[in-house]
>>> print(open('coords15.txt').read())   # compact mmCIF, C-alpha atoms
# COMPACT_ATOMS: atom_id res chain seq x y z
CA MET A 23 -103.49 15.52 14.06
CA LEU A 24 -104.34 11.98 15.11
CA THR A 25 -102.71 8.94 13.55
CA ILE A 26 -104.58 6.36 15.64
CA ASN A 27 -108.33 6.12 15.04
CA PHE A 28 -110.01 5.66 18.43
CA GLU A 29 -113.13 4.30 16.73
CA HIS A 30 -111.16 1.14 15.96
CA MET A 31 -110.13 0.66 19.62
CA SER A 32 -113.59 0.21 21.19
CA LEU A 33 -112.73 2.28 24.26
CA SER A 34 -115.24 1.96 27.10
CA LYS A 35 -116.18 4.05 30.10
CA GLY A 36 -113.66 3.57 32.88
CA ASP A 37 -110.89 2.15 30.68
CA LYS A 38 -107.29 2.93 31.56
CA VAL A 39 -105.44 4.04 28.44
CA LEU A 40 -101.67 4.39 28.04
CA ASP A 41 -100.08 6.56 25.37
CA LEU A 42 -96.52 5.21 25.24
CA GLY A 43 -94.18 7.85 23.84
CA CYS A 44 -96.90 10.48 24.04
CA GLY A 45 -94.68 13.33 22.84
CA GLU A 46 -96.58 16.62 22.96
CA GLY A 47 -99.81 14.86 23.88
CA ARG A 48 -101.93 14.62 20.77
CA HIS A 49 -103.31 11.14 21.44
CA VAL A 50 -103.44 11.13 25.24
CA ILE A 51 -105.22 14.50 25.38
CA SER A 52 -107.64 13.45 22.62
CA ALA A 53 -108.48 10.22 24.45
CA TYR A 54 -109.24 12.22 27.59
CA MET A 55 -111.41 14.67 25.66
CA ALA A 56 -113.42 12.06 23.75
CA TYR A 57 -113.99 9.35 26.39
CA GLU A 58 -114.59 8.85 30.09
CA VAL A 59 -111.27 7.12 30.62
CA ASP A 60 -108.12 7.37 32.73
CA ALA A 61 -105.62 8.70 30.17
CA VAL A 62 -101.92 8.23 30.97
CA GLY A 63 -99.09 9.59 28.84
CA VAL A 64 -95.43 8.63 29.23
CA ASP A 65 -92.36 9.95 27.45
CA LEU A 66 -88.63 10.38 28.01
CA SER A 67 -88.61 14.03 26.95
CA PHE A 68 -89.34 16.49 29.77
CA ASP A 69 -89.74 19.26 27.19
CA ASP A 70 -92.44 17.34 25.32
CA LEU A 71 -94.20 16.45 28.57
CA LYS A 72 -94.20 20.13 29.57
CA ILE A 73 -95.80 21.05 26.25
CA SER A 74 -98.35 18.27 26.71
CA ALA A 75 -99.21 19.49 30.22
CA ASP A 76 -99.59 23.07 29.01
CA ARG A 77 -101.84 22.00 26.15
CA PHE A 78 -103.98 19.91 28.46
CA MET A 79 -104.85 22.89 30.64
CA GLY A 80 -107.32 24.11 28.03
CA PHE A 81 -109.21 20.80 28.07
CA SER A 82 -109.09 19.82 31.74
CA GLU A 83 -112.37 18.89 33.44
CA PRO A 84 -111.36 18.93 37.12
CA ASP A 85 -114.92 18.41 38.34
CA ASN A 86 -115.51 15.36 36.14
CA GLU A 87 -114.72 12.33 38.30
CA LYS A 88 -115.45 9.97 35.42
CA LYS A 89 -112.13 10.70 33.73
CA SER A 90 -108.54 11.50 34.66
CA PHE A 91 -105.31 12.62 33.01
CA SER A 92 -101.70 12.08 34.05
CA LEU A 93 -98.21 12.33 32.57
CA SER A 94 -94.98 10.61 33.54
CA ALA A 95 -91.34 10.71 32.47
CA SER A 96 -90.66 7.02 31.89
CA ASN A 97 -88.46 4.68 29.89
CA ALA A 98 -90.38 2.42 27.50
CA LEU A 99 -87.96 -0.39 28.35
CA ALA A 100 -88.94 -0.35 32.03
CA LEU A 101 -92.43 1.03 32.50
CA PRO A 102 -93.36 1.98 36.09
CA PHE A 103 -96.63 0.04 36.01
CA SER A 104 -97.67 -3.33 37.34
CA ASP A 105 -98.64 -6.25 35.12
CA ASN A 106 -102.03 -6.07 33.41
CA SER A 107 -102.55 -2.40 34.28
CA PHE A 108 -104.13 -1.03 31.09
CA ASP A 109 -107.16 -1.76 28.95
CA ALA A 110 -105.64 -0.10 25.87
CA ILE A 111 -102.19 1.05 24.77
CA ILE A 112 -101.21 3.45 22.00
CA CYS A 113 -97.67 3.50 20.60
CA SER A 114 -97.65 5.93 17.68
CA GLU A 115 -94.50 6.83 15.73
CA VAL A 116 -92.23 5.61 18.54
CA LEU A 117 -90.77 2.18 17.75
CA GLU A 118 -88.69 3.50 14.83
CA HIS A 119 -86.68 5.57 17.33
CA ILE A 120 -85.78 2.72 19.72
CA PRO A 121 -82.88 0.27 19.14
CA ASP A 122 -84.35 -2.54 21.27
CA TYR A 123 -87.94 -2.25 20.10
CA LEU A 124 -88.67 -5.90 20.89
CA SER A 125 -88.10 -5.20 24.59
CA VAL A 126 -90.61 -2.35 24.29
CA LEU A 127 -93.10 -4.84 22.88
CA ASP A 128 -92.35 -7.08 25.89
CA GLU A 129 -93.24 -4.19 28.22
CA ILE A 130 -96.41 -3.42 26.30
CA THR A 131 -97.44 -7.06 26.57
CA ARG A 132 -96.67 -7.07 30.29
CA VAL A 133 -98.71 -4.00 31.26
CA LEU A 134 -101.67 -4.63 28.93
CA LYS A 135 -104.57 -6.64 30.29
CA PRO A 136 -105.61 -9.91 28.60
CA GLU A 137 -107.95 -9.07 25.71
CA GLY A 138 -106.72 -5.47 25.87
CA ILE A 139 -106.26 -3.40 22.71
CA PHE A 140 -102.90 -2.31 21.30
CA ALA A 141 -102.65 0.28 18.50
CA ALA A 142 -99.26 0.81 16.86
CA SER A 143 -98.12 3.06 14.05
CA VAL A 144 -94.76 3.48 12.31
CA PRO A 145 -93.64 5.30 9.15
CA ARG A 146 -94.50 3.45 5.97
CA ALA A 147 -91.44 1.91 4.34
CA TRP A 148 -91.32 3.33 0.82
CA PRO A 149 -92.01 7.01 1.60
CA GLU A 150 -89.53 6.72 4.47
CA ARG A 151 -86.84 5.30 2.19
CA ILE A 152 -87.14 8.36 -0.04
CA CYS A 153 -86.71 10.62 3.00
CA TRP A 154 -83.54 8.72 3.93
CA ALA A 155 -82.25 8.96 0.36
CA LEU A 156 -82.87 12.71 0.18
CA SER A 157 -81.30 13.60 3.52
CA ARG A 158 -78.79 11.87 5.75
CA GLU A 159 -79.51 14.39 8.51
CA TYR A 160 -83.20 13.38 8.55
CA HIS A 161 -82.42 10.05 10.17
CA GLU A 162 -79.03 10.75 11.73
CA VAL A 163 -80.18 13.71 13.82
CA GLU A 164 -80.34 13.02 17.58
CA GLY A 165 -83.60 11.27 18.36
CA GLY A 166 -84.20 10.50 14.70
CA HIS A 167 -85.41 7.32 13.01
CA ILE A 168 -82.91 4.49 13.31
CA ARG A 169 -84.74 1.92 11.18
CA ILE A 170 -87.25 1.53 8.40
CA PHE A 171 -89.88 -1.03 9.36
CA ASN A 172 -91.35 -3.62 7.09
CA ALA A 173 -94.98 -3.57 8.20
CA ARG A 174 -95.46 -7.31 7.76
CA SER A 175 -92.37 -8.08 9.86
CA LEU A 176 -93.51 -5.74 12.63
CA ARG A 177 -96.95 -7.29 12.58
CA ASN A 178 -95.35 -10.73 12.94
CA ASP A 179 -93.24 -9.51 15.87
CA ILE A 180 -96.35 -8.26 17.65
CA GLU A 181 -98.37 -11.39 16.91
CA LYS A 182 -95.56 -13.51 18.40
CA GLN A 183 -96.16 -11.68 21.65
CA GLY A 184 -99.63 -13.22 21.80
CA PHE A 185 -101.67 -10.64 19.92
CA ASP A 186 -104.35 -11.05 17.26
CA TYR A 187 -104.30 -8.51 14.44
CA TYR A 188 -107.78 -7.28 13.54
CA ARG A 189 -107.48 -4.06 11.54
CA GLY A 190 -105.04 -1.83 9.70
CA HIS A 191 -104.95 1.35 7.63
CA TRP A 192 -102.64 4.12 6.44
CA ALA A 193 -102.61 7.79 7.41
CA HIS A 194 -101.35 11.25 6.42
CA ALA A 195 -100.77 10.88 2.68
CA LEU A 196 -100.78 14.66 2.22
CA HIS A 197 -97.86 14.93 4.64
CA VAL A 198 -95.55 12.82 2.49
CA PRO A 199 -94.61 15.54 -0.04
CA TYR A 200 -94.05 17.96 2.83
CA TRP A 201 -91.43 15.69 4.39
CA TRP A 202 -89.83 15.00 1.03
CA LEU A 203 -89.45 18.76 0.55
CA LYS A 204 -88.02 19.16 4.05
CA CYS A 205 -85.48 16.43 3.36
CA LEU A 206 -84.60 17.80 -0.07
CA PHE A 207 -83.92 21.27 1.35
CA TRP A 208 -82.87 20.08 4.82
CA ARG A 209 -80.18 22.66 5.44
CA LYS A 210 -82.24 25.53 4.01
CA GLN A 211 -85.73 24.41 4.96
CA GLU A 212 -86.40 27.39 7.21
CA GLN A 213 -85.82 29.72 4.27
CA SER A 214 -87.86 27.71 1.76
CA LYS A 215 -91.03 29.48 0.67
CA LEU A 216 -92.28 26.26 -0.90
CA ILE A 217 -92.03 24.38 2.41
CA ALA A 218 -93.69 27.28 4.24
CA ALA A 219 -96.54 27.31 1.73
CA TYR A 220 -97.06 23.54 2.01
CA HIS A 221 -97.02 23.78 5.81
CA LYS A 222 -99.69 26.48 5.62
CA LEU A 223 -101.81 24.13 3.49
CA LEU A 224 -101.47 21.33 6.05
CA VAL A 225 -102.43 23.62 8.92
CA TRP A 226 -105.44 24.84 6.94
CA ASP A 227 -106.45 21.23 6.28
CA LEU A 228 -106.06 20.34 9.96
CA MET A 229 -108.03 23.32 11.25
CA LYS A 230 -110.75 23.65 8.63
CA LYS A 231 -111.03 20.03 7.44
CA PRO A 232 -112.24 21.00 3.95
CA TRP A 233 -113.94 18.34 1.90
CA LEU A 234 -111.41 18.51 -0.94
CA THR A 235 -108.22 17.84 1.03
CA GLN A 236 -109.88 15.42 3.44
CA THR A 237 -111.20 13.35 0.55
CA LEU A 238 -107.89 13.55 -1.32
CA ASP A 239 -106.03 12.32 1.78
CA LYS A 240 -108.38 9.34 2.15
CA LEU A 241 -108.03 8.42 -1.51
CA LEU A 242 -104.24 8.67 -1.44
CA ASN A 243 -103.67 6.91 1.89
CA PRO A 244 -103.67 3.36 0.46
CA LEU A 245 -101.09 4.45 -2.11
CA MET A 246 -98.82 6.81 -0.18
CA GLY A 247 -100.00 7.20 3.41
CA LYS A 248 -96.98 8.24 5.48
CA SER A 249 -97.89 6.04 8.47
CA VAL A 250 -99.03 2.44 8.65
CA VAL A 251 -101.41 1.83 11.56
CA MET A 252 -102.20 -1.59 13.03
CA TYR A 253 -104.64 -2.70 15.72
CA PHE A 254 -104.30 -5.82 17.86
CA GLN A 255 -106.07 -7.56 20.71
CA LYS A 256 -104.02 -9.33 23.34
CA GLN A 257 -104.94 -12.98 23.71
CA SER A 258 -106.42 -14.20 26.98
CA SER A 259 -103.15 -15.93 27.79
CA ALA A 260 -100.31 -14.33 25.83
CA PRO A 261 -97.01 -16.28 25.82
CA GLU A 262 -93.79 -14.60 26.84
CA TYR A 263 -91.64 -13.64 23.87
CA HIS A 264 -88.10 -12.35 23.80
CA GLY A 265 -86.18 -11.73 20.61
CA GLU A 266 -83.42 -9.68 19.07
CA ALA A 267 -84.01 -6.65 16.91
CA ASN A 268 -82.95 -7.00 13.30
>>> encode(input="coords15.txt", output="structure tokens")
Amino acid sequence: MLTINFEHMSLSKGDKVLDLGCGEGRHVISAYMAYEVDAVGVDLSFDDLKISADRFMGFSEPDNEKKSFSLSASNALALPFSDNSFDAIICSEVLEHIPDYLSVLDEITRVLKPEGIFAASVPRAWPERICWALSREYHEVEGGHIRIFNARSLRNDIEKQGFDYYRGHWAHALHVPYWWLKCLFWRKQEQSKLIAAYHKLLVWDLMKKPWLTQTLDKLLNPLMGKSVVMYFQKQSSAPEYHGEAN
């Protein structure tokens, strides 16, 4: 299930792509599969990186010298890469977990090449507020969401780093009711037949991509898409920017 749409990133042969906070590898593996690029995934969780590495084994092309894949356990506040290392950076559903997200944006700016592409996604504010209202555990669990972003404010923060916004969209509208149900029945969610049935629907949609649910998701995304996705291009000479998280 991809949140970032690679078609909006204009990836080219030979590009070096960073998936910052890659989790279990959905974007970094997909970039490797779809393009002749050097795909790099970083995350703090060794467990997630292990899952990502295991998943990648089914898609590896060891004899294809036109692409590469690598994973690293790294802190987003101090990335182990030199300045201007990457042509494109993905940061999907990560910034809402990090207290000092502005320092993460500093690091993204540092390691992205001038005129490079940055794609960011965070949970949309109003569906997220309902999740918080329905369940305290949803956002207080270890590693949970520590803030609800205002998309316009986040866009402004990124533009202050020396980026030009050029496209945006929403994603995963059909997932919103699923998370509301999980929050509503948080302590009994594993026993909920309703949640299990909805999860089965989402898996069916993901695997089969039927016209009905795919069309419904696209129609509902502007109204209730769970994620807001924004695409930026770094300016040729981006100014340094340091700020304090709100």
>>> residues_around(input="coords15.txt", residues="Phe78 of chain A", least_positions_apart="4", cutoff="7 Å", atoms="all atoms listed in the file", output="tab-separated table (two decimals) with C-alpha atoms, in the frame of the given file")
chain	number	residue	atom	x	y	z
A	51	ILE	CA	-105.22	14.50	25.38
A	74	SER	CA	-98.35	18.27	26.71
A	82	SER	CA	-109.09	19.82	31.74
>>> closest_atom_pairs(input="coords15.txt", of="segment 169-265 of chain A", to="segment 114-122 of chain A", cutoff="9 Å", atoms="all atoms listed in the file", output="JSON lines")
{"residue": "A:Arg169", "atom": "CA", "partner": "A:Glu118", "partner_atom": "CA", "distance": 5.6}
{"residue": "A:Ile170", "atom": "CA", "partner": "A:Glu118", "partner_atom": "CA", "distance": 6.9}
{"residue": "A:Phe171", "atom": "CA", "partner": "A:Glu118", "partner_atom": "CA", "distance": 7.2}
{"residue": "A:Ser249", "atom": "CA", "partner": "A:Glu115", "partner_atom": "CA", "distance": 8.1}
{"residue": "A:Val251", "atom": "CA", "partner": "A:Ser114", "partner_atom": "CA", "distance": 8.3}
>>> closest_residue(input="coords15.txt", among="A:Ala142, A:Ala61, A:Leu71, A:Ala147", to="Arg189 of chain A", atoms="all atoms listed in the file")
A:Ala142
>>> closest_residue(input="coords15.txt", among="A:Val133, A:Leu124, A:Leu156, A:Leu93", to="Gly45 of chain A", atoms="all atoms listed in the file")
A:Leu93
>>> closest_residue(input="coords15.txt", among="A:Glu137, A:Glu150, A:Glu87, A:Glu46", to="Lys72 of chain A", atoms="all atoms listed in the file")
A:Glu46
>>> atom_distance(input="coords15.txt", atom1="atom CA of Pro232 of chain A", atom2="atom CA of Pro244 of chain A")
19.9 Å
>>> atom_distance(input="coords15.txt", atom1="atom CA of Asp105 of chain A", atom2="atom CA of Pro136 of chain A")
10.2 Å
>>> residues_around(input="coords15.txt", residues="Gly184 of chain A", least_positions_apart="4", cutoff="12 Å", atoms="only C-alpha atoms", output="number ranges by chain")
A: 127-128, 130-132, 134-140, 177-180, 254-264
>>> write_last_selection(input="coords15.txt", atoms="C-alpha atoms", output="short mmCIF file (atom, residue, chain, number, x, y, z; two decimals), in the coordinates of the input")
data_model
loop_
_atom_site.label_atom_id
_atom_site.label_comp_id
_atom_site.auth_asym_id
_atom_site.auth_seq_id
_atom_site.Cartn_x
_atom_site.Cartn_y
_atom_site.Cartn_z
CA LEU A 127 -93.10 -4.84 22.88
CA ASP A 128 -92.35 -7.08 25.89
CA ILE A 130 -96.41 -3.42 26.30
CA THR A 131 -97.44 -7.06 26.57
CA ARG A 132 -96.67 -7.07 30.29
CA LEU A 134 -101.67 -4.63 28.93
CA LYS A 135 -104.57 -6.64 30.29
CA PRO A 136 -105.61 -9.91 28.60
CA GLU A 137 -107.95 -9.07 25.71
CA GLY A 138 -106.72 -5.47 25.87
CA ILE A 139 -106.26 -3.40 22.71
CA PHE A 140 -102.90 -2.31 21.30
CA ARG A 177 -96.95 -7.29 12.58
CA ASN A 178 -95.35 -10.73 12.94
CA ASP A 179 -93.24 -9.51 15.87
CA ILE A 180 -96.35 -8.26 17.65
CA PHE A 254 -104.30 -5.82 17.86
CA GLN A 255 -106.07 -7.56 20.71
CA LYS A 256 -104.02 -9.33 23.34
CA GLN A 257 -104.94 -12.98 23.71
CA SER A 258 -106.42 -14.20 26.98
CA SER A 259 -103.15 -15.93 27.79
CA ALA A 260 -100.31 -14.33 25.83
CA PRO A 261 -97.01 -16.28 25.82
CA GLU A 262 -93.79 -14.60 26.84
CA TYR A 263 -91.64 -13.64 23.87
CA HIS A 264 -88.10 -12.35 23.80
#
>>> atom_distance(input="coords15.txt", atom1="atom CA of Leu42 of chain A", atom2="atom CA of Leu101 of chain A")
9.3 Å
>>> closest_residue(input="coords15.txt", among="A:Met252, A:Ile152, A:Leu66, A:Leu216", to="Asp186 of chain A", atoms="all atoms listed in the file")
A:Met252
>>> closest_residue(input="coords15.txt", among="A:Ala53, A:Val59, A:Ala110, A:Cys153", to="Leu206 of chain A", atoms="only C-alpha atoms")
A:Cys153
>>> residues_around(input="coords15.txt", residues="Leu99 of chain A", least_positions_apart="5", cutoff="7 Å", atoms="only C-alpha atoms", output="list in words")
Ser125, Val126 and Glu129 of chain A
>>> residues_around(input="coords15.txt", residues="segment 158-162 of chain A", least_positions_apart="6", cutoff="9 Å", atoms="all atoms listed in the file", output="PyMOL selection string")
chain A and resi 168-169+204-205+208-209
>>> build_atoms(input="coords15.txt", residues="segment 49-85 of chain A", atoms="N, CA and C atoms", output="tab-separated table (two decimals), in the coordinates of the input")
chain	number	residue	atom	x	y	z
A	49	HIS	N	-102.39	12.26	21.24
A	49	HIS	CA	-103.31	11.14	21.44
A	49	HIS	C	-103.84	11.05	22.87
A	50	VAL	N	-102.98	11.27	23.85
A	50	VAL	CA	-103.44	11.13	25.24
A	50	VAL	C	-104.45	12.21	25.59
A	51	ILE	N	-104.25	13.42	25.11
A	51	ILE	CA	-105.22	14.50	25.38
A	51	ILE	C	-106.52	14.21	24.64
A	52	SER	N	-106.43	13.74	23.40
A	52	SER	CA	-107.64	13.45	22.62
A	52	SER	C	-108.45	12.32	23.25
A	53	ALA	N	-107.77	11.31	23.78
A	53	ALA	CA	-108.48	10.22	24.45
A	53	ALA	C	-109.24	10.75	25.66
A	54	TYR	N	-108.60	11.61	26.42
A	54	TYR	CA	-109.24	12.22	27.59
A	54	TYR	C	-110.46	13.04	27.18
A	55	MET	N	-110.32	13.80	26.11
A	55	MET	CA	-111.41	14.67	25.66
A	55	MET	C	-112.61	13.87	25.16
A	56	ALA	N	-112.35	12.76	24.45
A	56	ALA	CA	-113.42	12.06	23.75
A	56	ALA	C	-114.12	10.99	24.59
A	57	TYR	N	-113.45	10.49	25.65
A	57	TYR	CA	-113.99	9.35	26.39
A	57	TYR	C	-113.86	9.57	27.89
A	58	GLU	N	-114.67	8.84	28.63
A	58	GLU	CA	-114.59	8.85	30.09
A	58	GLU	C	-113.61	7.77	30.50
A	59	VAL	N	-112.34	8.09	30.37
A	59	VAL	CA	-111.27	7.12	30.62
A	59	VAL	C	-110.20	7.76	31.51
A	60	ASP	N	-109.32	6.91	32.03
A	60	ASP	CA	-108.12	7.37	32.73
A	60	ASP	C	-107.00	7.37	31.70
A	61	ALA	N	-106.61	8.55	31.24
A	61	ALA	CA	-105.62	8.70	30.17
A	61	ALA	C	-104.25	8.97	30.78
A	62	VAL	N	-103.28	8.13	30.42
A	62	VAL	CA	-101.92	8.23	30.97
A	62	VAL	C	-100.94	8.37	29.81
A	63	GLY	N	-100.11	9.40	29.86
A	63	GLY	CA	-99.09	9.59	28.84
A	63	GLY	C	-97.70	9.47	29.44
A	64	VAL	N	-96.81	8.74	28.76
A	64	VAL	CA	-95.43	8.63	29.23
A	64	VAL	C	-94.48	8.97	28.08
A	65	ASP	N	-93.37	9.59	28.43
A	65	ASP	CA	-92.36	9.95	27.45
A	65	ASP	C	-91.04	10.19	28.17
A	66	LEU	N	-89.94	10.10	27.43
A	66	LEU	CA	-88.63	10.38	28.01
A	66	LEU	C	-88.29	11.87	28.00
A	67	SER	N	-88.94	12.62	27.13
A	67	SER	CA	-88.61	14.03	26.95
A	67	SER	C	-89.40	14.91	27.93
A	68	PHE	N	-88.68	15.57	28.84
A	68	PHE	CA	-89.34	16.49	29.77
A	68	PHE	C	-89.92	17.68	29.02
A	69	ASP	N	-89.24	18.12	27.97
A	69	ASP	CA	-89.74	19.26	27.19
A	69	ASP	C	-91.08	18.93	26.54
A	70	ASP	N	-91.18	17.74	25.95
A	70	ASP	CA	-92.44	17.34	25.32
A	70	ASP	C	-93.55	17.17	26.37
A	71	LEU	N	-93.21	16.61	27.52
A	71	LEU	CA	-94.20	16.45	28.57
A	71	LEU	C	-94.69	17.81	29.08
A	72	LYS	N	-93.80	18.78	29.15
A	72	LYS	CA	-94.20	20.13	29.57
A	72	LYS	C	-95.17	20.73	28.56
A	73	ILE	N	-94.89	20.56	27.27
A	73	ILE	CA	-95.80	21.05	26.25
A	73	ILE	C	-97.15	20.36	26.36
A	74	SER	N	-97.12	19.03	26.56
A	74	SER	CA	-98.35	18.27	26.71
A	74	SER	C	-99.18	18.76	27.90
A	75	ALA	N	-98.51	19.00	29.03
A	75	ALA	CA	-99.21	19.49	30.22
A	75	ALA	C	-99.81	20.86	29.98
A	76	ASP	N	-99.08	21.72	29.31
A	76	ASP	CA	-99.59	23.07	29.01
A	76	ASP	C	-100.79	23.00	28.08
A	77	ARG	N	-100.73	22.14	27.09
A	77	ARG	CA	-101.84	22.00	26.15
A	77	ARG	C	-103.08	21.44	26.84
A	78	PHE	N	-102.85	20.54	27.78
A	78	PHE	CA	-103.98	19.91	28.46
A	78	PHE	C	-104.79	20.89	29.28
A	79	MET	N	-104.16	21.95	29.76
A	79	MET	CA	-104.85	22.89	30.64
A	79	MET	C	-106.12	23.44	30.01
A	80	GLY	N	-106.14	23.59	28.70
A	80	GLY	CA	-107.32	24.11	28.03
A	80	GLY	C	-108.45	23.12	27.90
A	81	PHE	N	-108.19	21.85	28.23
A	81	PHE	CA	-109.21	20.80	28.07
A	81	PHE	C	-109.53	20.09	29.38
A	82	SER	N	-108.90	20.49	30.46
A	82	SER	CA	-109.09	19.82	31.74
A	82	SER	C	-110.53	19.97	32.25
A	83	GLU	N	-111.05	18.88	32.81
A	83	GLU	CA	-112.37	18.89	33.44
A	83	GLU	C	-112.20	18.44	34.89
A	84	PRO	N	-111.70	19.33	35.75
A	84	PRO	CA	-111.36	18.93	37.12
A	84	PRO	C	-112.54	18.43	37.95
A	85	ASP	N	-113.74	18.83	37.57
A	85	ASP	CA	-114.92	18.41	38.34
A	85	ASP	C	-115.55	17.12	37.81
